[in-house]
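Content type mmCIF, C-alpha atoms, from the file upload-v6.cif:
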data_protein
#
loop_
_atom_site.label_atom_id
_atom_site.label_comp_id
_atom_site.auth_asym_id
_atom_site.auth_seq_id
_atom_site.Cartn_x
_atom_site.Cartn_y
_atom_site.Cartn_z
CA MET E 1 21.19 -30.26 20.90
CA GLY E 2 24.93 -30.08 20.50
CA ASN E 3 24.56 -28.90 16.88
CA GLN E 4 22.09 -26.20 17.90
CA GLN E 5 24.45 -24.94 20.62
CA GLN E 6 27.32 -24.91 18.15
CA GLN E 7 25.25 -22.96 15.60
CA SER E 8 24.12 -20.46 18.23
CA THR E 9 27.71 -19.98 19.28
CA VAL E 10 28.75 -19.40 15.65
CA PHE E 11 25.92 -16.90 15.12
CA SER E 12 26.94 -15.00 18.25
CA VAL E 13 30.53 -14.85 17.09
CA LEU E 14 29.36 -13.78 13.63
CA SER E 15 27.15 -11.01 15.01
CA ASP E 16 30.03 -9.69 17.13
CA VAL E 17 32.35 -9.64 14.11
CA GLN E 18 29.74 -7.89 11.97
CA ASN E 19 28.99 -5.32 14.65
CA ASN E 20 32.69 -4.52 15.08
CA LYS E 21 33.16 -4.16 11.31
CA VAL E 22 30.12 -1.90 11.01
CA LYS E 23 31.31 0.29 13.87
CA ASP E 24 34.83 0.61 12.41
CA ALA E 25 33.50 1.42 8.95
CA LYS E 26 31.02 3.94 10.28
CA ILE E 27 33.62 5.72 12.42
CA LYS E 28 36.15 5.80 9.55
CA TYR E 29 33.65 7.17 7.01
CA GLN E 30 32.22 9.74 9.45
CA ARG E 31 35.72 11.03 10.09
CA THR E 32 36.41 11.53 6.39
CA VAL E 33 33.04 12.46 4.89
CA GLY E 34 30.71 13.02 7.81
CA VAL E 35 27.85 10.94 6.36
CA ASN E 36 26.60 7.55 7.47
CA PRO E 37 27.83 5.12 4.75
CA LEU E 38 25.86 2.09 5.76
CA PRO E 39 23.06 0.93 3.47
CA LYS E 40 19.58 0.53 4.81
CA PRO E 41 19.13 -2.90 6.34
CA GLY E 42 16.95 -5.31 4.41
CA LYS E 43 13.90 -7.05 5.74
CA LEU E 44 14.35 -10.08 7.83
CA GLY E 45 12.45 -12.20 5.33
CA ASP E 46 14.65 -11.04 2.45
CA GLU E 47 16.08 -13.95 0.48
CA ASN E 48 19.41 -12.19 -0.08
CA THR E 49 19.84 -11.71 3.62
CA VAL E 50 19.17 -15.39 4.37
CA GLU E 51 21.44 -16.61 1.59
CA GLY E 52 24.23 -14.27 2.71
CA LYS E 53 24.01 -15.59 6.24
CA GLN E 54 24.04 -19.20 5.07
CA THR E 55 27.06 -18.58 2.81
CA LEU E 56 28.95 -16.85 5.59
CA LEU E 57 27.98 -19.67 7.97
CA THR E 58 29.44 -22.19 5.57
CA LYS E 59 32.73 -20.20 5.40
CA VAL E 60 32.96 -20.00 9.18
CA VAL E 61 32.30 -23.76 9.55
CA THR E 62 34.94 -24.53 6.93
CA LYS E 63 37.41 -22.22 8.65
CA SER E 64 36.76 -23.86 12.03
CA THR E 65 37.22 -27.29 10.46
CA ALA E 66 40.51 -26.20 8.90
CA LEU E 67 41.75 -24.99 12.27
CA THR E 68 41.22 -28.43 13.76
CA GLU E 69 43.47 -30.10 11.14
CA PRO E 70 47.07 -30.72 12.13
CA PHE E 71 49.53 -27.98 10.93
CA LYS E 72 51.98 -28.99 8.22
CA GLY E 73 55.34 -27.25 8.38
CA PHE E 74 57.33 -25.94 5.39
CA GLU E 75 59.50 -28.37 3.49
CA ILE E 76 63.20 -27.77 4.02
CA TYR E 77 65.37 -27.39 0.90
CA ASP E 78 68.12 -29.94 0.88
CA GLU E 79 71.06 -29.24 -1.42
CA SER E 80 72.18 -32.85 -1.26
CA LYS E 81 69.04 -33.89 -3.16
CA GLU E 82 69.89 -31.77 -6.22
CA ASN E 83 70.26 -33.44 -9.57
CA VAL E 84 73.55 -35.28 -9.64
CA ALA E 85 73.99 -34.66 -13.37
CA GLU E 86 73.75 -30.90 -12.91
CA MET E 87 76.32 -31.01 -10.15
CA CYS E 88 78.67 -32.94 -12.40
CA VAL E 89 78.31 -30.34 -15.15
CA ALA E 90 78.99 -27.58 -12.67
CA LYS E 91 82.13 -29.35 -11.52
CA LYS E 92 83.36 -29.67 -15.11
CA VAL E 93 82.81 -25.95 -15.70
CA ASP E 94 84.70 -25.02 -12.56
CA THR E 95 87.71 -27.24 -13.27
CA PHE E 96 89.80 -24.31 -14.48
CA GLN E 97 88.95 -22.20 -11.39
CA GLU E 98 90.66 -22.90 -8.12
CA LYS E 99 89.07 -22.21 -4.78
CA ARG E 100 89.99 -18.81 -3.45
CA ALA E 101 89.38 -16.76 -0.38
CA PRO E 102 87.24 -13.64 -0.62
CA LEU E 103 88.81 -10.46 -2.03
CA GLN E 104 91.71 -12.29 -3.63
CA GLU E 105 92.83 -11.95 -7.23
CA LEU E 106 91.40 -14.37 -9.76
CA LYS E 107 93.71 -16.90 -11.30
CA HIS E 108 93.44 -17.84 -14.98
CA GLU E 109 91.95 -14.41 -15.62
CA GLU E 110 92.30 -14.79 -19.37
CA LEU E 111 89.75 -17.63 -19.28
CA LEU E 112 87.18 -15.52 -17.45
CA GLU E 113 86.70 -12.75 -20.04
CA THR E 114 83.10 -12.28 -21.12
CA PRO E 115 81.36 -9.81 -23.44
CA MET E 116 80.34 -7.86 -20.33
CA SER E 117 83.86 -7.69 -18.87
CA VAL E 118 85.05 -4.21 -17.99
CA ALA E 119 88.72 -4.75 -18.63
CA GLU E 120 90.27 -1.87 -20.54
CA ASN E 121 91.28 -3.97 -23.52
CA TYR E 122 87.91 -5.65 -23.93
CA SER E 123 85.44 -2.95 -22.90
CA PRO E 124 82.89 -2.12 -25.60
CA MET E 125 83.13 1.54 -24.55
CA SER E 126 86.91 1.74 -24.80
CA ILE E 127 88.50 3.59 -27.72
CA ASP E 128 91.12 1.75 -29.70
CA LYS E 129 93.37 4.53 -30.98
CA SER E 130 95.25 2.24 -33.33
CA ALA E 131 92.01 1.26 -35.10
CA SER E 132 90.95 4.88 -35.48
CA LEU E 133 94.25 5.74 -37.07
CA ILE E 134 93.76 3.00 -39.61
CA LEU E 135 90.27 4.20 -40.48
CA VAL E 136 91.52 7.71 -41.19
CA ASP E 137 93.61 6.48 -44.11
CA VAL E 138 90.69 4.64 -45.69
CA PRO E 139 88.28 6.76 -47.80
CA ILE E 140 85.01 6.89 -45.88
CA PRO E 141 81.72 7.34 -47.77
CA ARG E 142 80.43 10.84 -47.09
CA ASN E 143 76.71 10.06 -47.12
CA ASP E 144 74.26 7.18 -47.34
CA ARG E 145 73.86 7.51 -51.09
CA GLU E 146 77.58 7.09 -51.68
CA ARG E 147 77.74 4.23 -49.20
CA PHE E 148 74.97 2.56 -51.19
CA PHE E 149 77.08 2.69 -54.35
CA GLU E 150 80.20 1.47 -52.52
CA VAL E 151 79.19 -2.19 -52.95
CA GLU E 152 81.43 -3.13 -55.87
CA GLU E 153 79.67 -6.39 -56.61
CA TYR E 154 76.45 -4.55 -57.49
CA GLN E 155 77.77 -1.35 -59.04
CA GLU E 156 77.39 -2.53 -62.62
CA ASP E 157 73.89 -3.92 -62.03
CA ILE E 158 72.82 -0.69 -60.28
CA LEU E 159 74.05 1.41 -63.19
CA ILE E 160 72.25 -0.79 -65.72
CA TYR E 161 69.01 -0.49 -63.75
CA LEU E 162 69.32 3.31 -63.48
CA LYS E 163 69.85 3.65 -67.21
CA GLU E 164 66.75 1.56 -67.86
CA ALA E 165 64.71 3.58 -65.35
CA GLU E 166 65.68 6.94 -66.86
CA LYS E 167 64.06 5.92 -70.15
CA ARG E 168 60.67 5.08 -68.61
CA ASN E 169 59.69 8.44 -67.13
CA ARG E 170 61.07 11.23 -69.29
CA PRO E 171 59.57 14.67 -69.93
CA LYS E 172 58.83 15.54 -73.53
CA PRO E 173 61.65 17.76 -74.88
CA GLY E 174 59.37 20.10 -76.85
CA TYR E 175 56.49 20.39 -74.39
CA MET E 176 56.88 24.17 -74.12
CA LEU E 177 55.62 24.56 -77.71
CA LYS E 178 52.19 23.32 -76.57
CA GLN E 179 52.02 25.64 -73.55
CA THR E 180 49.93 28.68 -74.42
CA ASP E 181 50.59 30.92 -71.41
CA ILE E 182 54.12 30.11 -70.12
CA THR E 183 57.56 30.37 -71.69
CA HIS E 184 61.11 29.06 -71.18
CA SER E 185 62.10 32.22 -69.30
CA MET E 186 59.24 31.73 -66.82
CA ARG E 187 60.42 28.19 -66.20
CA THR E 188 63.98 29.45 -65.62
CA ILE E 189 62.73 32.00 -63.07
CA LEU E 190 60.73 29.27 -61.31
CA VAL E 191 63.73 26.93 -61.06
CA ASP E 192 65.95 29.75 -59.76
CA TRP E 193 63.35 30.48 -57.07
CA LEU E 194 63.23 26.79 -56.11
CA VAL E 195 67.02 26.85 -55.68
CA GLU E 196 66.59 29.66 -53.14
CA VAL E 197 63.84 27.69 -51.39
CA SER E 198 66.02 24.57 -51.13
CA ASP E 199 68.91 26.65 -49.81
CA GLU E 200 66.64 28.38 -47.28
CA TYR E 201 65.41 25.08 -45.82
CA LYS E 202 68.77 23.26 -46.23
CA LEU E 203 67.34 20.67 -48.61
CA GLN E 204 69.44 18.18 -50.55
CA GLY E 205 70.48 18.87 -54.13
CA GLU E 206 68.68 15.70 -55.17
CA THR E 207 65.43 17.17 -53.80
CA LEU E 208 65.80 20.13 -56.16
CA ALA E 209 66.57 17.90 -59.15
CA LEU E 210 63.55 15.70 -58.42
CA ALA E 211 61.25 18.73 -58.12
CA VAL E 212 62.39 20.06 -61.52
CA SER E 213 61.87 16.60 -63.03
CA TYR E 214 58.31 16.47 -61.64
CA ILE E 215 57.58 19.94 -63.03
CA ASP E 216 58.79 19.03 -66.54
CA ARG E 217 56.88 15.77 -66.57
CA PHE E 218 53.71 17.48 -65.35
CA LEU E 219 53.97 20.28 -67.91
CA SER E 220 54.47 17.65 -70.62
CA PHE E 221 50.86 16.54 -70.09
CA MET E 222 49.04 19.53 -68.59
CA SER E 223 48.62 23.09 -69.83
CA VAL E 224 49.17 25.62 -67.05
CA VAL E 225 48.47 29.34 -66.86
CA ARG E 226 51.25 31.58 -65.59
CA ALA E 227 49.33 32.45 -62.42
CA LYS E 228 49.47 28.78 -61.35
CA LEU E 229 53.04 28.02 -62.42
CA GLN E 230 54.48 28.88 -59.00
CA LEU E 231 51.83 26.69 -57.39
CA VAL E 232 52.98 23.78 -59.57
CA GLY E 233 56.59 24.39 -58.52
CA THR E 234 55.67 24.64 -54.84
CA ALA E 235 53.67 21.40 -54.86
CA ALA E 236 56.42 19.60 -56.82
CA MET E 237 59.01 20.74 -54.26
CA PHE E 238 56.73 19.58 -51.46
CA ILE E 239 56.45 16.12 -53.03
CA ALA E 240 60.20 15.87 -53.67
CA ALA E 241 61.00 16.92 -50.09
CA LYS E 242 58.70 14.25 -48.66
CA TYR E 243 60.32 11.67 -50.96
CA GLU E 244 63.96 12.58 -50.36
CA GLU E 245 64.33 14.38 -47.02
CA ILE E 246 64.32 12.86 -43.57
CA TYR E 247 62.56 15.89 -42.06
CA PRO E 248 60.71 17.65 -44.90
CA PRO E 249 59.22 21.10 -44.31
CA ASP E 250 55.54 21.23 -43.46
CA VAL E 251 52.99 22.32 -46.05
CA SER E 252 52.50 25.55 -44.07
CA GLU E 253 56.16 26.37 -44.74
CA PHE E 254 55.58 26.09 -48.47
CA VAL E 255 52.53 28.34 -48.16
CA TYR E 256 54.69 30.85 -46.31
CA ILE E 257 57.44 30.95 -48.94
CA THR E 258 54.89 31.89 -51.58
CA ASP E 259 54.08 34.95 -49.47
CA ASP E 260 50.60 33.51 -48.91
CA THR E 261 49.85 33.74 -52.61
CA TYR E 262 48.26 30.30 -52.34
CA THR E 263 46.42 28.62 -49.50
CA LYS E 264 47.20 25.32 -47.85
CA THR E 265 44.21 23.74 -49.58
CA GLN E 266 45.45 24.87 -52.99
CA VAL E 267 48.90 23.38 -52.41
CA LEU E 268 47.44 20.05 -51.29
CA ARG E 269 45.04 19.90 -54.22
CA MET E 270 47.85 20.62 -56.66
CA GLU E 271 49.90 17.91 -54.96
CA GLN E 272 47.09 15.42 -55.61
CA LEU E 273 46.82 16.50 -59.24
CA ILE E 274 50.57 16.15 -59.86
CA LEU E 275 50.64 12.69 -58.27
CA LYS E 276 47.69 11.63 -60.39
CA VAL E 277 49.26 12.91 -63.63
CA LEU E 278 52.61 11.28 -62.79
CA SER E 279 50.82 8.02 -61.86
CA PHE E 280 52.76 8.11 -58.57
CA ASP E 281 55.98 7.21 -60.44
CA LEU E 282 58.28 9.30 -58.26
CA THR E 283 61.45 7.19 -58.32
CA VAL E 284 63.28 8.87 -61.18
CA PRO E 285 67.08 8.89 -61.57
CA THR E 286 68.34 12.43 -62.09
CA SER E 287 71.70 13.70 -63.31
CA LEU E 288 72.83 14.15 -59.68
CA VAL E 289 72.17 10.47 -59.00
CA PHE E 290 74.46 9.52 -61.88
CA ILE E 291 77.10 12.02 -60.71
CA ASN E 292 77.19 10.31 -57.31
CA THR E 293 77.41 6.91 -58.98
CA TYR E 294 80.23 7.86 -61.32
CA CYS E 295 82.22 9.59 -58.59
CA VAL E 296 82.02 6.62 -56.22
CA MET E 297 82.84 4.06 -58.92
CA ASN E 298 85.84 6.01 -60.16
CA ASP E 299 87.08 7.54 -56.89
CA VAL E 300 86.73 11.11 -58.16
CA PRO E 301 88.17 13.97 -56.02
CA ASP E 302 85.71 16.17 -54.18
CA LYS E 303 86.48 19.32 -56.14
CA VAL E 304 85.82 17.56 -59.45
CA LYS E 305 82.61 16.14 -58.05
CA TYR E 306 81.27 19.50 -56.85
CA LEU E 307 82.14 21.19 -60.13
CA ALA E 308 80.29 18.46 -62.02
CA MET E 309 77.29 18.90 -59.70
CA TYR E 310 77.44 22.65 -60.31
CA LEU E 311 77.27 22.10 -64.06
CA CYS E 312 74.35 19.69 -63.67
CA GLU E 313 72.37 22.20 -61.60
CA LEU E 314 73.05 24.94 -64.15
CA ALA E 315 71.58 22.59 -66.74
CA LEU E 316 68.33 22.52 -64.73
CA LEU E 317 67.72 26.16 -65.62
CA GLU E 318 67.33 25.46 -69.32
CA ALA E 319 64.77 23.07 -70.73
CA ASP E 320 66.20 23.50 -74.18
CA PRO E 321 68.52 21.76 -75.09
CA TYR E 322 69.04 19.66 -71.92
CA LEU E 323 65.70 17.83 -72.00
CA THR E 324 66.88 16.16 -75.21
CA TYR E 325 69.69 14.41 -73.30
CA MET E 326 69.46 11.51 -70.90
CA PRO E 327 70.39 12.36 -67.28
CA SER E 328 73.22 9.80 -67.43
CA LYS E 329 74.70 11.56 -70.45
CA ILE E 330 74.42 15.00 -68.83
CA ALA E 331 76.25 13.65 -65.78
CA ALA E 332 79.00 12.07 -67.90
CA GLY E 333 79.47 15.30 -69.90
CA ALA E 334 79.61 17.38 -66.70
CA LEU E 335 82.21 15.03 -65.25
CA ALA E 336 84.36 15.24 -68.39
CA LEU E 337 84.15 19.06 -68.49
CA ALA E 338 84.94 19.33 -64.77
CA ARG E 339 88.04 17.17 -65.17
CA ARG E 340 89.28 19.34 -68.02
CA ALA E 341 88.63 22.56 -66.03
CA LEU E 342 90.77 21.21 -63.18
CA ASN E 343 93.65 20.19 -65.48
CA LEU E 344 92.93 16.47 -65.45
CA PRO E 345 92.58 14.21 -68.49
CA MET E 346 89.08 14.74 -69.80
CA TRP E 347 88.36 11.02 -70.18
CA CYS E 348 90.01 7.67 -69.72
CA LYS E 349 89.39 4.00 -70.32
CA MET E 350 88.14 3.36 -66.80
CA LEU E 351 85.53 6.13 -67.11
CA GLU E 352 84.50 4.76 -70.47
CA ASN E 353 83.97 1.30 -69.01
CA ASN E 354 82.17 2.49 -65.87
CA THR E 355 79.86 5.04 -67.52
CA GLY E 356 79.26 3.28 -70.82
CA TYR E 357 80.02 6.47 -72.79
CA LYS E 358 82.96 7.11 -75.08
CA VAL E 359 84.37 10.61 -75.31
CA ASP E 360 83.10 10.90 -78.88
CA ASP E 361 79.55 10.26 -77.61
CA LEU E 362 79.82 13.26 -75.26
CA LYS E 363 80.91 15.98 -77.68
CA ASP E 364 77.50 17.62 -78.04
CA ILE E 365 76.68 17.68 -74.33
CA ILE E 366 80.17 18.93 -73.44
CA LEU E 367 79.81 21.89 -75.83
CA ASP E 368 76.36 22.77 -74.45
CA LEU E 369 77.52 22.56 -70.84
CA ASN E 370 80.59 24.65 -71.62
CA LYS E 371 78.40 27.38 -73.15
CA THR E 372 76.14 27.38 -70.08
CA HIS E 373 79.19 27.49 -67.81
CA VAL E 374 80.60 30.49 -69.65
CA ASP E 375 77.26 32.35 -69.56
CA ALA E 376 76.64 31.59 -65.88
CA ALA E 377 78.41 34.72 -64.64
CA THR E 378 76.22 37.05 -66.71
CA MET E 379 72.87 35.37 -66.19
CA GLN E 380 70.08 37.18 -64.35
CA GLN E 381 69.45 34.11 -62.19
CA GLN E 382 72.35 33.77 -59.73
CA ALA E 383 71.00 31.48 -56.99
CA ILE E 384 72.98 28.42 -58.12
CA GLN E 385 76.15 30.47 -58.57
CA GLU E 386 75.85 31.87 -55.03
CA LYS E 387 75.20 28.40 -53.65
CA TYR E 388 78.40 26.97 -55.12
CA LYS E 389 80.55 29.87 -53.95
CA SER E 390 80.54 28.44 -50.42
CA LYS E 391 83.65 26.90 -48.92
CA LYS E 392 81.70 23.75 -48.18
CA LEU E 393 81.40 23.17 -51.92
CA HIS E 394 85.04 24.18 -52.58
CA GLU E 395 84.00 27.51 -54.16
CA VAL E 396 83.76 25.85 -57.59
CA ALA E 397 81.56 28.68 -58.92
CA THR E 398 84.51 31.07 -58.68
CA LEU E 399 86.82 29.01 -60.92
CA ALA E 400 87.96 30.56 -64.18
CA VAL E 401 86.10 29.34 -67.26
CA THR E 402 87.57 28.97 -70.76
CA GLU E 403 85.39 28.63 -73.79
CA LEU E 404 85.76 25.36 -75.66
CA SER E 405 85.32 25.37 -79.41
CA LYS E 406 84.21 22.45 -81.50
CA THR E 407 87.61 22.24 -83.23
CA SER E 408 89.56 22.15 -79.99
CA LEU E 409 87.21 19.51 -78.59
CA ASP E 410 87.71 17.37 -81.69
CA ASN E 411 91.47 17.60 -81.22
CA ILE E 412 91.20 16.62 -77.56
CA CYS E 413 88.99 13.66 -78.43
CA GLU E 414 91.41 12.53 -81.14
CA VAL E 415 94.34 12.65 -78.73
CA LEU E 416 92.41 10.70 -76.11
CA CYS E 417 91.36 8.05 -78.62
CA ASN E 418 94.96 7.60 -79.82
CA SER E 419 96.30 7.36 -76.28
CA SER E 420 93.70 4.80 -75.25
CA SER E 421 94.30 2.67 -78.33
#
Kindly return the structure encoded in the file as structure tokens.
Amino acid sequence: MGNQQQQSTVFSVLSDVQNNKVKDAKIKYQRTVGVNPLPKPGKLGDENTVEGKQTLLTKVVTKSTALTEPFKGFEIYDESKENVAEMCVAKKVDTFQEKRAPLQELKHEELLETPMSVAENYSPMSIDKSASLILVDVPIPRNDRERFFEVEEYQEDILIYLKEAEKRNRPKPGYMLKQTDITHSMRTILVDWLVEVSDEYKLQGETLALAVSYIDRFLSFMSVVRAKLQLVGTAAMFIAAKYEEIYPPDVSEFVYITDDTYTKTQVLRMEQLILKVLSFDLTVPTSLVFINTYCVMNDVPDKVKYLAMYLCELALLEADPYLTYMPSKIAAGALALARRALNLPMWCKMLENNTGYKVDDLKDIILDLNKTHVDAATMQQQAIQEKYKSKKLHEVATLAVTELSKTSLDNICEVLCNSSS
């Protein structure tokens, strides 16, 4: 009887709780939506209803049983029960610090400096003027490429690797003889236009040199009609920009610079064809790469460097005779001619050791570059000349040019050989 009374009491309590919950939910929902949210009640004989009541009955009984158990209070943290070993370590750490009252100066401050200290002398954000003055006197690499060649321990190995790589992927010097619809003058016009494109989008000089290398290598294997020659140049420039630049122009930009002569699909298809013909061998050392290497290894002045770069870019305009020379030899000849134009000794023992070329080995390339340099002012294509008239590049295109004969070059070489010996 007692159990039945207890169960009836529990059911009465349960019904009151359910009724209150239903009323609250109904009032709340009617206020917000205005519709009765309660589901239709199930039949009394429904199994789910019986099981739900039994489960809820079990929870209520368990809860009532838990209430009858004695309440256990929270355990109190006692500092005296801490690990004795840890307290000993803490005491050893604090031996150099004396007890102090709040808001008093620290003693032994020099022992309390940490990487996060905000003292003026030790702050990571403070500017050490003495250090900055020292750095000004040291020659700082001007770009990442020069910084790469600054590692003296690897300079010789890098140069050996570049000279091996330039032999692997070379265009054929006489490929224009097999082209039926294009000529050397068309190639020169194309390269001059690519110079304007690179200047318009502020691309690196190495991007231009790579694009011309890709064009020559592609034309060495594929015959192209003149109507598609500009498309080849555009796709080659697009590939070179994606290889060399941090933020290359989008393909739509290259479509725009052709005055919509070609579509985006045509440029992308030509890109695929060039990559397939080149077997995706895009890492090719150009003459500008060797110029940077030589200038870093030999601490060449900026004006000499820019004049040598100017001569190398002029050499890009002519396939004949410059495709017969290695890029490393073109760079060495341009450096020698630039030194002579700026009243410096044309060659020296250090340059001979660092470049691997003697002055006698450079006679032919020096004469060819000198002829191109003399003719630069009267050429129809003037994009490179205008580029190197800027103050940023020391206006090297405006320097006076003197023609160098074979006899005078032989005399200079003889003098240099005697002085070095």
Practice task
Pick out the residues sitting within 12 Å of E:Lys389, and hand them over as JSON, numbers by chain; count all atoms listed in the file, and ignore anything fewer than 3 positions along from it in its own chain.
Solution key: {"E": [306, 307, 310, 377, 382, 383, 384, 385, 386, 392, 393, 394, 395, 396, 397, 398, 399]}
Exercise for the section: Kindly indicate which residue among E:Tyr294, E:Thr407, E:Cys312, E:Ala227 lies nearest to E:Asn354, using all atoms listed in the file for the distances. Expected result: E:Tyr294
Handout entry: Distance query E:Lys363 at most 10 Å, all atoms listed in the file, self and fewer than 6 positions along chain excluded, as a ChimeraX atom specification
Key = /E:333,336,406,409-410,413
Practice task
Please evaluate the PyMOL selection byres ((chain E and resi 365) around 9) against the displayed coordinates and give the resulting residues as an NGL selection string.
Solution key: :E and (322 or 325 or 329-330 or 332-334 or 361-364 or 366-370)
Handout entry: Residue IDs satisfying the PyMOL selection byres ((chain E and resi 273-285) around 10), as a PyMOL selection string
Key = chain E and resi 161-170+206+209-211+213-215+217-222+232+235-236+239-240+243-244+267-272+286-290+326-328
Exercise for the section: With a distance cut-off of 10 Å and all atoms listed in the file, select the neighbouring residues of E:Arg187, excluding the residue or stretch itself and same-chain residues fewer than 6 positions from it, and output the selection as number ranges by chain. Expected result: E: 176, 193, 212, 215-216, 226, 229-230, 233, 316-319
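The space between atom CA of E:Ala341 and atom CA of E:Val401 spans 7.3 Å.
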Exercise for the section: Starting from the displayed file, determine the output of the PyMOL selection byres ((chain E and resi 292) around 10) and express the residue list as a PyMOL selection string. Expected result: chain E and resi 145-146+149+287-291+293-297+300+305+308-309+331
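Nearest-residue note for E:Tyr201: choosing from E:Leu416, E:Leu335, E:Ala241, E:Leu177, the minimum distance belongs to E:Ala241, counting only C-alpha atoms.
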Completion exercise
Judged by only C-alpha atoms, the minimum distance to E:Ala338 among E:Thr402, E:Thr188, E:Thr324, E:Thr263 is found for E:Thr402
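With all atoms listed in the file as the basis for measurement, E:Thr234 is the residue among E:Ser223, E:Thr234, E:Asn411, E:Thr355 that approaches E:Val191 most closely.
When all atoms listed in the file are used to measure the gap to E:Arg340, the shortest distance among E:Glu152, E:Asp302, E:Glu403, E:Asp375 belongs to E:Glu403.
Among the candidates E:Ile412, E:Leu159, E:Thr378, E:His373, the residue lying nearest to E:Pro345 is E:Ile412 (atoms considered: all atoms listed in the file).
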Practice task
One decimal, Å: what's the distance from atom CA of E:Tyr247 over to atom CA of E:Lys264, could you say?
Solution key: 18.9 Å
Problem - Between atom CA of E:Pro249 and atom CA of E:Ser198, distance in Å (one decimal) - result: 10.2 Å
